[in-house]
Structures are given as structure tokens and as C-alpha cells.
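Printed here is protein.cif (mmCIF, C-alpha atoms):
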```cif
data_query
loop_
_atom_site.group_PDB
_atom_site.id
_atom_site.type_symbol
_atom_site.label_atom_id
_atom_site.label_comp_id
_atom_site.auth_asym_id
_atom_site.auth_seq_id
_atom_site.Cartn_x
_atom_site.Cartn_y
_atom_site.Cartn_z
ATOM 1 C CA MET A 17 33.769 -10.976 6.692
ATOM 2 C CA SER A 18 31.715 -9.318 3.936
ATOM 3 C CA LYS A 19 30.520 -11.257 0.918
ATOM 4 C CA LYS A 20 32.426 -10.844 -2.323
ATOM 5 C CA HIS A 21 30.466 -8.744 -4.761
ATOM 6 C CA GLY A 22 31.268 -7.224 -8.134
ATOM 7 C CA ILE A 23 34.121 -7.695 -10.570
ATOM 8 C CA ILE A 24 37.400 -8.843 -9.074
ATOM 9 C CA LEU A 25 40.571 -8.908 -11.168
ATOM 10 C CA LYS A 26 43.614 -10.968 -10.260
ATOM 11 C CA LYS A 27 46.699 -10.106 -12.286
ATOM 12 C CA GLY A 28 49.422 -12.638 -12.962
ATOM 13 C CA LYS A 29 52.692 -12.368 -14.858
ATOM 14 C CA LYS A 30 51.180 -13.152 -18.260
ATOM 15 C CA TYR A 31 47.409 -12.970 -17.806
ATOM 16 C CA GLN A 32 44.654 -11.714 -15.575
ATOM 17 C CA THR A 33 41.600 -13.570 -14.296
ATOM 18 C CA LYS A 34 38.269 -11.793 -13.989
ATOM 19 C CA ARG A 35 35.731 -13.128 -11.485
ATOM 20 C CA ILE A 36 32.193 -11.824 -11.199
ATOM 21 C CA TYR A 37 30.433 -12.234 -7.848
ATOM 22 C CA SER A 38 26.901 -11.460 -6.725
ATOM 23 C CA ASP A 39 26.363 -11.415 -2.958
ATOM 24 C CA GLY A 40 29.091 -13.991 -2.391
ATOM 25 C CA TYR A 41 28.187 -16.289 -5.282
ATOM 26 C CA LEU A 42 30.672 -16.740 -8.115
ATOM 27 C CA LEU A 43 28.723 -16.158 -11.336
ATOM 28 C CA ALA A 44 31.529 -16.460 -13.863
ATOM 29 C CA LYS A 45 35.282 -16.704 -14.153
ATOM 30 C CA TYR A 46 37.263 -15.581 -17.195
ATOM 31 C CA LYS A 47 40.850 -16.843 -17.281
ATOM 32 C CA TYR A 48 43.758 -16.088 -19.620
ATOM 33 C CA GLN A 49 42.775 -12.488 -20.191
ATOM 34 C CA PRO A 50 45.356 -10.053 -21.568
ATOM 35 C CA LEU A 51 47.026 -7.591 -19.232
ATOM 36 C CA HIS A 52 47.199 -5.010 -22.039
ATOM 37 C CA MET A 53 44.083 -3.932 -23.954
ATOM 38 C CA PRO A 54 44.702 -1.468 -26.818
ATOM 39 C CA PHE A 55 41.034 -1.503 -27.900
ATOM 40 C CA LYS A 56 38.640 0.799 -26.038
ATOM 41 C CA ASN A 57 35.069 1.858 -26.777
ATOM 42 C CA LYS A 58 32.284 3.238 -24.576
ATOM 43 C CA MET A 59 29.806 0.681 -25.965
ATOM 44 C CA ILE A 60 32.039 -2.261 -24.977
ATOM 45 C CA ASN A 61 31.874 -2.761 -21.208
ATOM 46 C CA ASP A 62 31.316 -5.151 -18.320
ATOM 47 C CA ILE A 63 27.766 -4.014 -17.610
ATOM 48 C CA ASN A 64 26.582 -5.275 -21.005
ATOM 49 C CA GLN A 65 27.675 -8.782 -20.064
ATOM 50 C CA HIS A 66 24.936 -8.818 -17.412
ATOM 51 C CA PHE A 67 22.369 -8.851 -20.198
ATOM 52 C CA CYS A 68 23.774 -11.957 -21.897
ATOM 53 C CA GLY A 69 21.086 -14.187 -20.398
ATOM 54 C CA GLY A 70 23.473 -16.424 -18.506
ATOM 55 C CA TRP A 71 23.888 -14.540 -15.232
ATOM 56 C CA THR A 72 23.688 -11.103 -13.653
ATOM 57 C CA MET A 73 24.641 -9.343 -10.442
ATOM 58 C CA SER A 74 21.798 -8.582 -8.056
ATOM 59 C CA GLU A 75 21.696 -4.813 -8.691
ATOM 60 C CA PHE A 76 21.092 -5.214 -12.437
ATOM 61 C CA ASN A 77 17.574 -5.766 -13.670
ATOM 62 C CA SER A 78 18.721 -7.852 -16.618
ATOM 63 C CA ALA A 79 15.222 -9.253 -17.119
ATOM 64 C CA SER A 80 13.958 -5.775 -17.966
ATOM 65 C CA ASN A 81 13.586 -4.958 -21.661
ATOM 66 C CA GLN A 82 13.454 -1.289 -20.667
ATOM 67 C CA ALA A 83 16.866 -1.495 -18.970
ATOM 68 C CA LEU A 84 18.332 -3.278 -21.987
ATOM 69 C CA LEU A 85 16.907 -0.738 -24.420
ATOM 70 C CA ASP A 86 18.203 2.126 -22.260
ATOM 71 C CA ARG A 87 21.749 0.758 -22.654
ATOM 72 C CA VAL A 88 21.479 1.187 -26.438
ATOM 73 C CA LEU A 89 19.696 4.551 -26.327
ATOM 74 C CA GLN A 90 22.385 5.901 -24.001
ATOM 75 C CA ARG A 91 25.046 4.637 -26.444
ATOM 76 C CA ASN A 92 26.443 2.233 -23.847
ATOM 77 C CA LYS A 93 25.635 -0.843 -25.962
ATOM 78 C CA PRO A 94 25.698 -1.252 -29.753
ATOM 79 C CA MET A 95 22.750 -3.605 -30.138
ATOM 80 C CA ALA A 96 20.007 -5.141 -28.024
ATOM 81 C CA VAL A 97 17.733 -8.133 -28.500
ATOM 82 C CA LEU A 98 14.509 -7.621 -26.546
ATOM 83 C CA SER A 99 12.009 -10.448 -26.183
ATOM 84 C CA ALA A 100 8.595 -11.047 -24.643
ATOM 85 C CA TRP A 101 5.837 -13.648 -24.720
ATOM 86 C CA LYS A 102 3.246 -10.994 -25.614
ATOM 87 C CA LYS A 103 3.769 -8.624 -28.541
ATOM 88 C CA GLU A 104 2.236 -5.703 -26.665
ATOM 89 C CA ASN A 105 4.986 -5.948 -24.031
ATOM 90 C CA LEU A 106 7.440 -4.666 -26.643
ATOM 91 C CA GLU A 107 5.283 -1.837 -27.967
ATOM 92 C CA PHE A 108 6.899 0.641 -25.561
ATOM 93 C CA CYS A 109 9.890 0.704 -27.930
ATOM 94 C CA ASP A 110 7.909 2.515 -30.626
ATOM 95 C CA GLY A 111 7.702 5.712 -28.625
ATOM 96 C CA LEU A 112 11.316 5.677 -27.466
ATOM 97 C CA VAL A 113 13.384 4.683 -30.486
ATOM 98 C CA ASP A 114 14.283 7.426 -32.978
ATOM 99 C CA LYS A 115 14.457 5.482 -36.255
ATOM 100 C CA ARG A 116 16.682 8.168 -37.758
ATOM 101 C CA LYS A 117 19.403 7.112 -35.292
ATOM 102 C CA TYR A 118 18.666 3.435 -34.698
ATOM 103 C CA TYR A 119 17.926 0.351 -36.777
ATOM 104 C CA THR A 120 14.992 -1.774 -35.646
ATOM 105 C CA GLN A 121 13.447 -5.087 -36.583
ATOM 106 C CA SER A 122 10.609 -6.958 -34.942
ATOM 107 C CA GLY A 123 9.245 -10.445 -35.376
ATOM 108 C CA GLN A 124 8.386 -13.733 -33.743
ATOM 109 C CA TYR A 125 10.638 -16.719 -33.099
ATOM 110 C CA GLN A 126 9.380 -19.811 -34.906
ATOM 111 C CA GLY A 127 10.595 -22.271 -32.297
ATOM 112 C CA THR A 128 9.299 -20.706 -29.080
ATOM 113 C CA GLY A 129 6.638 -18.306 -30.333
ATOM 114 C CA ALA A 130 8.172 -15.458 -28.330
ATOM 115 C CA PHE A 131 8.237 -11.987 -29.877
ATOM 116 C CA TYR A 132 11.419 -9.971 -30.348
ATOM 117 C CA GLU A 133 12.584 -6.459 -31.093
ATOM 118 C CA LEU A 134 16.106 -5.743 -32.291
ATOM 119 C CA VAL A 135 17.459 -2.232 -31.790
ATOM 120 C CA ALA A 136 20.923 -1.090 -32.880
ATOM 121 C CA VAL A 137 22.924 2.086 -33.286
ATOM 122 C CA LYS A 138 23.114 3.229 -36.924
ATOM 123 C CA GLY A 139 26.445 3.333 -38.731
ATOM 124 C CA LYS A 140 29.045 1.069 -40.305
ATOM 125 C CA LEU A 141 31.274 -0.972 -38.029
ATOM 126 C CA LYS A 142 34.354 0.938 -39.227
ATOM 127 C CA ASP A 143 32.734 4.190 -38.034
ATOM 128 C CA LEU A 144 31.412 2.856 -34.725
ATOM 129 C CA PHE A 145 34.594 1.059 -33.656
ATOM 130 C CA ASP A 146 38.361 1.407 -34.054
ATOM 131 C CA LEU A 147 38.700 -1.842 -36.006
ATOM 132 C CA GLN A 148 42.462 -1.520 -36.421
ATOM 133 C CA SER A 149 42.916 -1.364 -32.648
ATOM 134 C CA LEU A 150 40.477 -4.275 -32.277
ATOM 135 C CA TYR A 151 42.468 -6.320 -34.803
ATOM 136 C CA GLU A 152 45.732 -5.539 -32.999
ATOM 137 C CA THR A 153 44.250 -6.484 -29.620
ATOM 138 C CA TYR A 154 43.231 -9.915 -30.876
ATOM 139 C CA LYS A 155 46.477 -10.393 -32.834
ATOM 140 C CA GLU A 156 48.559 -9.607 -29.733
ATOM 141 C CA ASN A 157 46.692 -12.479 -28.102
ATOM 142 C CA GLY A 158 47.322 -14.967 -30.895
ATOM 143 C CA ILE A 159 43.835 -14.704 -32.414
ATOM 144 C CA GLU A 160 43.396 -13.779 -36.089
ATOM 145 C CA ILE A 161 40.189 -11.928 -36.934
ATOM 146 C CA ASP A 162 39.029 -10.587 -40.296
ATOM 147 C CA VAL A 163 37.938 -6.999 -39.758
ATOM 148 C CA GLU A 164 38.105 -6.294 -43.503
ATOM 149 C CA GLU A 165 35.220 -8.693 -44.126
ATOM 150 C CA HIS A 166 32.948 -6.764 -41.760
ATOM 151 C CA LYS A 167 34.150 -3.139 -41.771
ATOM 152 C CA ASN A 168 31.476 -1.852 -44.181
ATOM 153 C CA LYS A 169 28.620 -3.757 -42.563
ATOM 154 C CA THR A 170 26.096 -2.109 -40.282
ATOM 155 C CA LEU A 171 24.700 -3.666 -37.118
ATOM 156 C CA LYS A 172 21.470 -4.246 -39.034
ATOM 157 C CA ASP A 173 23.385 -6.707 -41.228
ATOM 158 C CA PHE A 174 23.618 -8.973 -38.181
ATOM 159 C CA PHE A 175 19.941 -8.926 -37.245
ATOM 160 C CA ASP A 176 19.382 -12.380 -38.726
ATOM 161 C CA ASP A 177 22.599 -13.914 -37.358
ATOM 162 C CA TRP A 178 24.086 -12.389 -34.216
ATOM 163 C CA ASP A 179 24.711 -15.289 -31.801
ATOM 164 C CA ALA A 180 27.885 -17.292 -32.445
ATOM 165 C CA GLN A 181 26.729 -19.856 -29.882
ATOM 166 C CA ASP A 182 23.736 -20.757 -32.036
ATOM 167 C CA PRO A 183 24.566 -24.032 -33.859
ATOM 168 C CA ASP A 184 23.244 -22.529 -37.126
ATOM 169 C CA SER A 185 25.236 -19.302 -36.799
ATOM 170 C CA GLU A 186 27.897 -18.422 -39.354
ATOM 171 C CA ILE A 187 29.528 -15.583 -37.418
ATOM 172 C CA ASP A 188 32.550 -15.665 -35.136
ATOM 173 C CA PHE A 189 32.626 -15.131 -31.365
ATOM 174 C CA TRP A 190 34.539 -11.872 -31.744
ATOM 175 C CA VAL A 191 31.713 -10.471 -33.910
ATOM 176 C CA THR A 192 29.016 -11.467 -31.414
ATOM 177 C CA GLY A 193 31.037 -9.945 -28.574
ATOM 178 C CA LEU A 194 31.579 -6.707 -30.482
ATOM 179 C CA ILE A 195 28.020 -6.124 -31.686
ATOM 180 C CA LEU A 196 26.494 -6.932 -28.295
ATOM 181 C CA GLY A 197 29.069 -4.828 -26.436
ATOM 182 C CA TYR A 198 30.702 -7.554 -24.355
ATOM 183 C CA PRO A 199 34.227 -6.959 -22.988
ATOM 184 C CA ILE A 200 36.860 -7.988 -25.538
ATOM 185 C CA GLU A 201 38.924 -9.640 -22.807
ATOM 186 C CA ASN A 202 35.966 -11.901 -21.975
ATOM 187 C CA THR A 203 35.709 -12.975 -25.607
ATOM 188 C CA ILE A 204 39.444 -13.695 -25.621
ATOM 189 C CA SER A 205 38.823 -15.990 -22.631
ATOM 190 C CA ILE A 206 36.256 -17.874 -24.722
ATOM 191 C CA TYR A 207 38.795 -18.371 -27.509
ATOM 192 C CA ARG A 208 41.300 -19.649 -24.935
ATOM 193 C CA ASP A 209 38.750 -22.002 -23.381
ATOM 194 C CA GLY A 210 39.118 -20.100 -20.136
ATOM 195 C CA VAL A 211 35.490 -19.506 -19.144
ATOM 196 C CA GLY A 212 34.061 -21.319 -16.143
ATOM 197 C CA ARG A 213 32.974 -21.003 -12.529
#
```
Please express the file's structure as C-alpha cells.
Amino acid sequence: MSKKHGIILKKGKKYQTKRIYSDGYLLAKYKYQPLHMPFKNKMINDINQHFCGGWTMSEFNSASNQALLDRVLQRNKPMAVLSAWKKENLEFCDGLVDKRKYYTQSGQYQGTGAFYELVAVKGKLKDLFDLQSLYETYKENGIEIDVEEHKNKTLKDFFDDWDAQDPDSEIDFWVTGLILGYPIENTISIYRDGVGR
């Protein structure tokens, strides 16, 4: 019997469960996902989840800053947070990122001393995403989100606060999921306390 590998969906009457396997190992399980997803966007997809820092399937080089940057440059991810212990390891970005099309910000984390480079697609959220469809998707699943508050913001507006899991963050999980390009159904699982292994 071959090892389970990849994304496996199991549909129920009300919800679906998404399981992610790598060479037979269960990496993550997302329960209570909607069966119907009105919201769609090329930059929101399962592959981006492999760059979240928690887990990845074996064929993805999620430790590679180049691979992460490529996702954004190919318009398959809205925003990327690249990091390295040496500043020069992020200098490759300078020659690849067209600053007419992408926002960038670089710096150093105070706590760890690691260096970072943020790269994001230019444009307001209302122009990058169908926010009405996003709102309806969450509402259908019993989750109220405030798209009006964020519709005129750009991804650069989140450069200083992008991780809802950070104890000091003031943004919501749905915002983090959207700007980093994670599947909306996975974020809904977080709201429903349905994430595990």
C-alpha cells in the first residue's frame, strides 16, 4: 500500500475535512470547512500554506527565500516575509523585485537579530481581491468580517503587523490569511477551532 501524500479532502453532509500528508505523515488537519466557497483568487491557494513555517510537504522547498519570493513575483501569493541570519543572504531580492510593481521593506528583528525583507504586490485590497465575495464566504459560515475597514489599504499597510498569531498583533486571522495567500477554508477552520493533527 502506497503512503498517503498530498491534500486529501473528505466531504461530509455539512462540512469537509482537509488533510495534508507528506510521505505518509499527517502534517495538518483542517475540520469544519465549508463545502461551498464563493471566493476565488489566484493568489489564495494551498501551496502558499506550505510557506507558513509550521509544516511543508517534501517536494516544496519552503526554507528557500528564493522559492517564497518567486510565489509573489509570479502573482501566486500577495505578500512574502523573507528572513535570514545574514543580511547579504537577502540581497538577491534587489535585482529581482521591480519596485514599480511591488512594495518592499527591509530591516532587522529586535528580538532575534535576524534580517527580513517584505515583498508585496502593489494595489489596494479592494482592487486585488473580490472583497464582497470574501465577505459573503465568511458570512455564509457564521463569521462576521469588516472588509470596509480594510478595503482602501494596501499590503504595505500591513508590513508592521501581519501575523494575527503574534500576541501583540491587532489584526484578525482573516486578514493574515488573505494577505499571505492562505486558503480561506483553512482560516475558517481556525475560527471554528478545527485545526489539528
Next item on the list: Could you state which residues are captured by the PyMOL selection byres ((chain A and resi 169-178) around 12) in this file, as a PyMOL selection string?
Entry: chain A and resi 93-97+118-123+125+132-145+163-168+179-197
For the selection you just gave me, I'd like the residues written to a file as a PDB file, in the coordinates of the input, keeping C-alpha atoms.
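Now in again_36.pdb:
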```pdb
ATOM      1  CA  LYS A  93      25.635  -0.843 -25.962  1.00  0.00           C
ATOM      2  CA  PRO A  94      25.698  -1.252 -29.753  1.00  0.00           C
ATOM      3  CA  MET A  95      22.750  -3.605 -30.138  1.00  0.00           C
ATOM      4  CA  ALA A  96      20.007  -5.141 -28.024  1.00  0.00           C
ATOM      5  CA  VAL A  97      17.733  -8.133 -28.500  1.00  0.00           C
ATOM      6  CA  TYR A 118      18.666   3.435 -34.698  1.00  0.00           C
ATOM      7  CA  TYR A 119      17.926   0.351 -36.777  1.00  0.00           C
ATOM      8  CA  THR A 120      14.992  -1.774 -35.646  1.00  0.00           C
ATOM      9  CA  GLN A 121      13.447  -5.087 -36.583  1.00  0.00           C
ATOM     10  CA  SER A 122      10.609  -6.958 -34.942  1.00  0.00           C
ATOM     11  CA  GLY A 123       9.245 -10.445 -35.376  1.00  0.00           C
ATOM     12  CA  TYR A 125      10.638 -16.719 -33.099  1.00  0.00           C
ATOM     13  CA  TYR A 132      11.419  -9.971 -30.348  1.00  0.00           C
ATOM     14  CA  GLU A 133      12.584  -6.459 -31.093  1.00  0.00           C
ATOM     15  CA  LEU A 134      16.106  -5.743 -32.291  1.00  0.00           C
ATOM     16  CA  VAL A 135      17.459  -2.232 -31.790  1.00  0.00           C
ATOM     17  CA  ALA A 136      20.923  -1.090 -32.880  1.00  0.00           C
ATOM     18  CA  VAL A 137      22.924   2.086 -33.286  1.00  0.00           C
ATOM     19  CA  LYS A 138      23.114   3.229 -36.924  1.00  0.00           C
ATOM     20  CA  GLY A 139      26.445   3.333 -38.731  1.00  0.00           C
ATOM     21  CA  LYS A 140      29.045   1.069 -40.305  1.00  0.00           C
ATOM     22  CA  LEU A 141      31.274  -0.972 -38.029  1.00  0.00           C
ATOM     23  CA  LYS A 142      34.354   0.938 -39.227  1.00  0.00           C
ATOM     24  CA  ASP A 143      32.734   4.190 -38.034  1.00  0.00           C
ATOM     25  CA  LEU A 144      31.412   2.856 -34.725  1.00  0.00           C
ATOM     26  CA  PHE A 145      34.594   1.059 -33.656  1.00  0.00           C
ATOM     27  CA  VAL A 163      37.938  -6.999 -39.758  1.00  0.00           C
ATOM     28  CA  GLU A 164      38.105  -6.294 -43.503  1.00  0.00           C
ATOM     29  CA  GLU A 165      35.220  -8.693 -44.126  1.00  0.00           C
ATOM     30  CA  HIS A 166      32.948  -6.764 -41.760  1.00  0.00           C
ATOM     31  CA  LYS A 167      34.150  -3.139 -41.771  1.00  0.00           C
ATOM     32  CA  ASN A 168      31.476  -1.852 -44.181  1.00  0.00           C
ATOM     33  CA  ASP A 179      24.711 -15.289 -31.801  1.00  0.00           C
ATOM     34  CA  ALA A 180      27.885 -17.292 -32.445  1.00  0.00           C
ATOM     35  CA  GLN A 181      26.729 -19.856 -29.882  1.00  0.00           C
ATOM     36  CA  ASP A 182      23.736 -20.757 -32.036  1.00  0.00           C
ATOM     37  CA  PRO A 183      24.566 -24.032 -33.859  1.00  0.00           C
ATOM     38  CA  ASP A 184      23.244 -22.529 -37.126  1.00  0.00           C
ATOM     39  CA  SER A 185      25.236 -19.302 -36.799  1.00  0.00           C
ATOM     40  CA  GLU A 186      27.897 -18.422 -39.354  1.00  0.00           C
ATOM     41  CA  ILE A 187      29.528 -15.583 -37.418  1.00  0.00           C
ATOM     42  CA  ASP A 188      32.550 -15.665 -35.136  1.00  0.00           C
ATOM     43  CA  PHE A 189      32.626 -15.131 -31.365  1.00  0.00           C
ATOM     44  CA  TRP A 190      34.539 -11.872 -31.744  1.00  0.00           C
ATOM     45  CA  VAL A 191      31.713 -10.471 -33.910  1.00  0.00           C
ATOM     46  CA  THR A 192      29.016 -11.467 -31.414  1.00  0.00           C
ATOM     47  CA  GLY A 193      31.037  -9.945 -28.574  1.00  0.00           C
ATOM     48  CA  LEU A 194      31.579  -6.707 -30.482  1.00  0.00           C
ATOM     49  CA  ILE A 195      28.020  -6.124 -31.686  1.00  0.00           C
ATOM     50  CA  LEU A 196      26.494  -6.932 -28.295  1.00  0.00           C
ATOM     51  CA  GLY A 197      29.069  -4.828 -26.436  1.00  0.00           C
TER      52      GLY A 197
END
```
Check: Selected by the PyMOL selection byres ((chain A and resi 81-84) around 9) in the shown coordinates: which residues, as a VMD selection string?
Finding: chain A and resid 64 67 76 to 80 85 to 88 93 96 to 100 105 to 106 108 to 109
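Proximity ranking of A:Lys47, A:Lys58, A:Lys19, A:Lys115 relative to A:Gln32 places A:Lys47 first, based on all atoms listed in the file.
Shortest separation to A:Val113 among A:Thr153, A:Gln49, A:Gln90, A:Ser38 occurs at residue A:Gln90, atoms counted being only C-alpha atoms.
Remark: for A:Glu152, the closest of the candidate residues A:Gly212, A:Met53, A:Lys102, A:Tyr198 is A:Met53 (distances computed over only C-alpha atoms).
Residues matched by the PyMOL selection byres ((chain A and resi 21) around 9) in this file are Ser18, Lys19, Lys20, Gly22, Ile23, Ile24, Ile36, Tyr37, Ser38, Asp39, Gly40, Tyr41, Leu42 and Met73 of chain A.
A straight line drawn from atom CA of A:Ile159 to atom CA of A:Asn92 is 25.7 Å long.
The two atoms in question, atom CA of A:Leu43 and atom CA of A:Gln65, are spaced 11.5 Å apart.
If you measure from each of A:Asp209, A:Glu156, A:Glu201, A:Asp162 to A:Lys34 using all atoms listed in the file, the closest one turns out to be A:Glu201.
You will find atom CA of A:Leu112 at 19.2 Å from atom CA of A:Met59.
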Note to self: Can you tell me which residues surround A:Lys30 at a distance of at most 12 Å, considering all atoms listed in the file, apart from same-chain residues fewer than 5 positions away, and format the answer as JSON, numbers by chain?
What the structure shows: {"A": [47, 48, 49, 50, 51, 52, 157]}
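Remark: for A:Lys56, the closest of the candidate residues A:Gln126, A:Lys117, A:Asp146, A:Glu160 is A:Asp146 (distances computed over all atoms listed in the file).
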Write stretch 188-198 of chain A as a PDB file, in the frame of the given file, completed to all heavy atoms.
```pdb
ATOM      1  N   ASP A 188      31.532 -15.313 -36.122  1.00  0.00           N
ATOM      2  CA  ASP A 188      32.550 -15.665 -35.136  1.00  0.00           C
ATOM      3  C   ASP A 188      32.230 -15.059 -33.771  1.00  0.00           C
ATOM      4  O   ASP A 188      31.493 -14.066 -33.676  1.00  0.00           O
ATOM      5  CB  ASP A 188      33.919 -15.161 -35.597  1.00  0.00           C
ATOM      6  CG  ASP A 188      34.380 -15.848 -36.872  1.00  0.00           C
ATOM      7  OD1 ASP A 188      34.313 -17.084 -36.938  1.00  0.00           O
ATOM      8  OD2 ASP A 188      34.799 -15.124 -37.809  1.00  0.00           O
ATOM      9  N   PHE A 189      32.840 -15.631 -32.727  1.00  0.00           N
ATOM     10  CA  PHE A 189      32.626 -15.131 -31.365  1.00  0.00           C
ATOM     11  C   PHE A 189      33.020 -13.667 -31.230  1.00  0.00           C
ATOM     12  O   PHE A 189      32.366 -12.912 -30.528  1.00  0.00           O
ATOM     13  CB  PHE A 189      33.402 -15.987 -30.358  1.00  0.00           C
ATOM     14  CG  PHE A 189      32.706 -17.264 -30.001  1.00  0.00           C
ATOM     15  CD1 PHE A 189      33.108 -18.472 -30.549  1.00  0.00           C
ATOM     16  CD2 PHE A 189      31.636 -17.269 -29.126  1.00  0.00           C
ATOM     17  CE1 PHE A 189      32.458 -19.652 -30.233  1.00  0.00           C
ATOM     18  CE2 PHE A 189      30.972 -18.436 -28.797  1.00  0.00           C
ATOM     19  CZ  PHE A 189      31.389 -19.629 -29.360  1.00  0.00           C
ATOM     20  N   TRP A 190      34.095 -13.260 -31.897  1.00  0.00           N
ATOM     21  CA  TRP A 190      34.539 -11.872 -31.744  1.00  0.00           C
ATOM     22  C   TRP A 190      33.491 -10.901 -32.297  1.00  0.00           C
ATOM     23  O   TRP A 190      33.329  -9.805 -31.772  1.00  0.00           O
ATOM     24  CB  TRP A 190      35.904 -11.641 -32.394  1.00  0.00           C
ATOM     25  CG  TRP A 190      35.937 -11.597 -33.893  1.00  0.00           C
ATOM     26  CD1 TRP A 190      36.184 -12.638 -34.751  1.00  0.00           C
ATOM     27  CD2 TRP A 190      35.737 -10.444 -34.723  1.00  0.00           C
ATOM     28  NE1 TRP A 190      36.135 -12.218 -36.045  1.00  0.00           N
ATOM     29  CE2 TRP A 190      35.871 -10.870 -36.068  1.00  0.00           C
ATOM     30  CE3 TRP A 190      35.454  -9.100 -34.474  1.00  0.00           C
ATOM     31  CZ2 TRP A 190      35.743  -9.995 -37.145  1.00  0.00           C
ATOM     32  CZ3 TRP A 190      35.316  -8.234 -35.544  1.00  0.00           C
ATOM     33  CH2 TRP A 190      35.460  -8.684 -36.864  1.00  0.00           C
ATOM     34  N   VAL A 191      32.754 -11.326 -33.336  1.00  0.00           N
ATOM     35  CA  VAL A 191      31.713 -10.471 -33.910  1.00  0.00           C
ATOM     36  C   VAL A 191      30.545 -10.357 -32.938  1.00  0.00           C
ATOM     37  O   VAL A 191      30.052  -9.257 -32.660  1.00  0.00           O
ATOM     38  CB  VAL A 191      31.244 -11.004 -35.280  1.00  0.00           C
ATOM     39  CG1 VAL A 191      30.133 -10.116 -35.834  1.00  0.00           C
ATOM     40  CG2 VAL A 191      32.401 -11.080 -36.261  1.00  0.00           C
ATOM     41  N   THR A 192      30.098 -11.492 -32.403  1.00  0.00           N
ATOM     42  CA  THR A 192      29.016 -11.467 -31.414  1.00  0.00           C
ATOM     43  C   THR A 192      29.385 -10.576 -30.232  1.00  0.00           C
ATOM     44  O   THR A 192      28.600  -9.732 -29.806  1.00  0.00           O
ATOM     45  CB  THR A 192      28.689 -12.889 -30.911  1.00  0.00           C
ATOM     46  OG1 THR A 192      28.117 -13.638 -31.984  1.00  0.00           O
ATOM     47  CG2 THR A 192      27.703 -12.864 -29.756  1.00  0.00           C
ATOM     48  N   GLY A 193      30.590 -10.758 -29.710  1.00  0.00           N
ATOM     49  CA  GLY A 193      31.037  -9.945 -28.574  1.00  0.00           C
ATOM     50  C   GLY A 193      31.035  -8.466 -28.891  1.00  0.00           C
ATOM     51  O   GLY A 193      30.592  -7.641 -28.084  1.00  0.00           O
ATOM     52  N   LEU A 194      31.498  -8.119 -30.094  1.00  0.00           N
ATOM     53  CA  LEU A 194      31.579  -6.707 -30.482  1.00  0.00           C
ATOM     54  C   LEU A 194      30.198  -6.097 -30.635  1.00  0.00           C
ATOM     55  O   LEU A 194      29.913  -5.034 -30.067  1.00  0.00           O
ATOM     56  CB  LEU A 194      32.359  -6.579 -31.793  1.00  0.00           C
ATOM     57  CG  LEU A 194      32.564  -5.159 -32.307  1.00  0.00           C
ATOM     58  CD1 LEU A 194      33.534  -4.397 -31.403  1.00  0.00           C
ATOM     59  CD2 LEU A 194      33.076  -5.175 -33.744  1.00  0.00           C
ATOM     60  N   ILE A 195      29.312  -6.750 -31.382  1.00  0.00           N
ATOM     61  CA  ILE A 195      28.020  -6.124 -31.686  1.00  0.00           C
ATOM     62  C   ILE A 195      27.088  -6.086 -30.482  1.00  0.00           C
ATOM     63  O   ILE A 195      26.200  -5.242 -30.415  1.00  0.00           O
ATOM     64  CB  ILE A 195      27.336  -6.789 -32.905  1.00  0.00           C
ATOM     65  CG1 ILE A 195      26.955  -8.236 -32.615  1.00  0.00           C
ATOM     66  CG2 ILE A 195      28.212  -6.670 -34.143  1.00  0.00           C
ATOM     67  CD1 ILE A 195      26.255  -8.939 -33.767  1.00  0.00           C
ATOM     68  N   LEU A 196      27.313  -6.974 -29.507  1.00  0.00           N
ATOM     69  CA  LEU A 196      26.494  -6.932 -28.295  1.00  0.00           C
ATOM     70  C   LEU A 196      27.158  -6.149 -27.169  1.00  0.00           C
ATOM     71  O   LEU A 196      26.580  -5.959 -26.107  1.00  0.00           O
ATOM     72  CB  LEU A 196      26.169  -8.353 -27.825  1.00  0.00           C
ATOM     73  CG  LEU A 196      25.281  -9.169 -28.780  1.00  0.00           C
ATOM     74  CD1 LEU A 196      25.005 -10.540 -28.204  1.00  0.00           C
ATOM     75  CD2 LEU A 196      23.973  -8.447 -29.087  1.00  0.00           C
ATOM     76  N   GLY A 197      28.395  -5.700 -27.401  1.00  0.00           N
ATOM     77  CA  GLY A 197      29.069  -4.828 -26.436  1.00  0.00           C
ATOM     78  C   GLY A 197      29.701  -5.539 -25.259  1.00  0.00           C
ATOM     79  O   GLY A 197      29.872  -4.951 -24.192  1.00  0.00           O
ATOM     80  N   TYR A 198      30.060  -6.809 -25.442  1.00  0.00           N
ATOM     81  CA  TYR A 198      30.702  -7.554 -24.355  1.00  0.00           C
ATOM     82  C   TYR A 198      32.192  -7.216 -24.298  1.00  0.00           C
ATOM     83  O   TYR A 198      32.810  -6.928 -25.336  1.00  0.00           O
ATOM     84  CB  TYR A 198      30.535  -9.057 -24.552  1.00  0.00           C
ATOM     85  CG  TYR A 198      29.101  -9.535 -24.550  1.00  0.00           C
ATOM     86  CD1 TYR A 198      28.742 -10.710 -25.187  1.00  0.00           C
ATOM     87  CD2 TYR A 198      28.084  -8.810 -23.921  1.00  0.00           C
ATOM     88  CE1 TYR A 198      27.426 -11.159 -25.194  1.00  0.00           C
ATOM     89  CE2 TYR A 198      26.773  -9.243 -23.916  1.00  0.00           C
ATOM     90  CZ  TYR A 198      26.449 -10.423 -24.557  1.00  0.00           C
ATOM     91  OH  TYR A 198      25.145 -10.851 -24.564  1.00  0.00           O
TER      92      TYR A 198
END
```
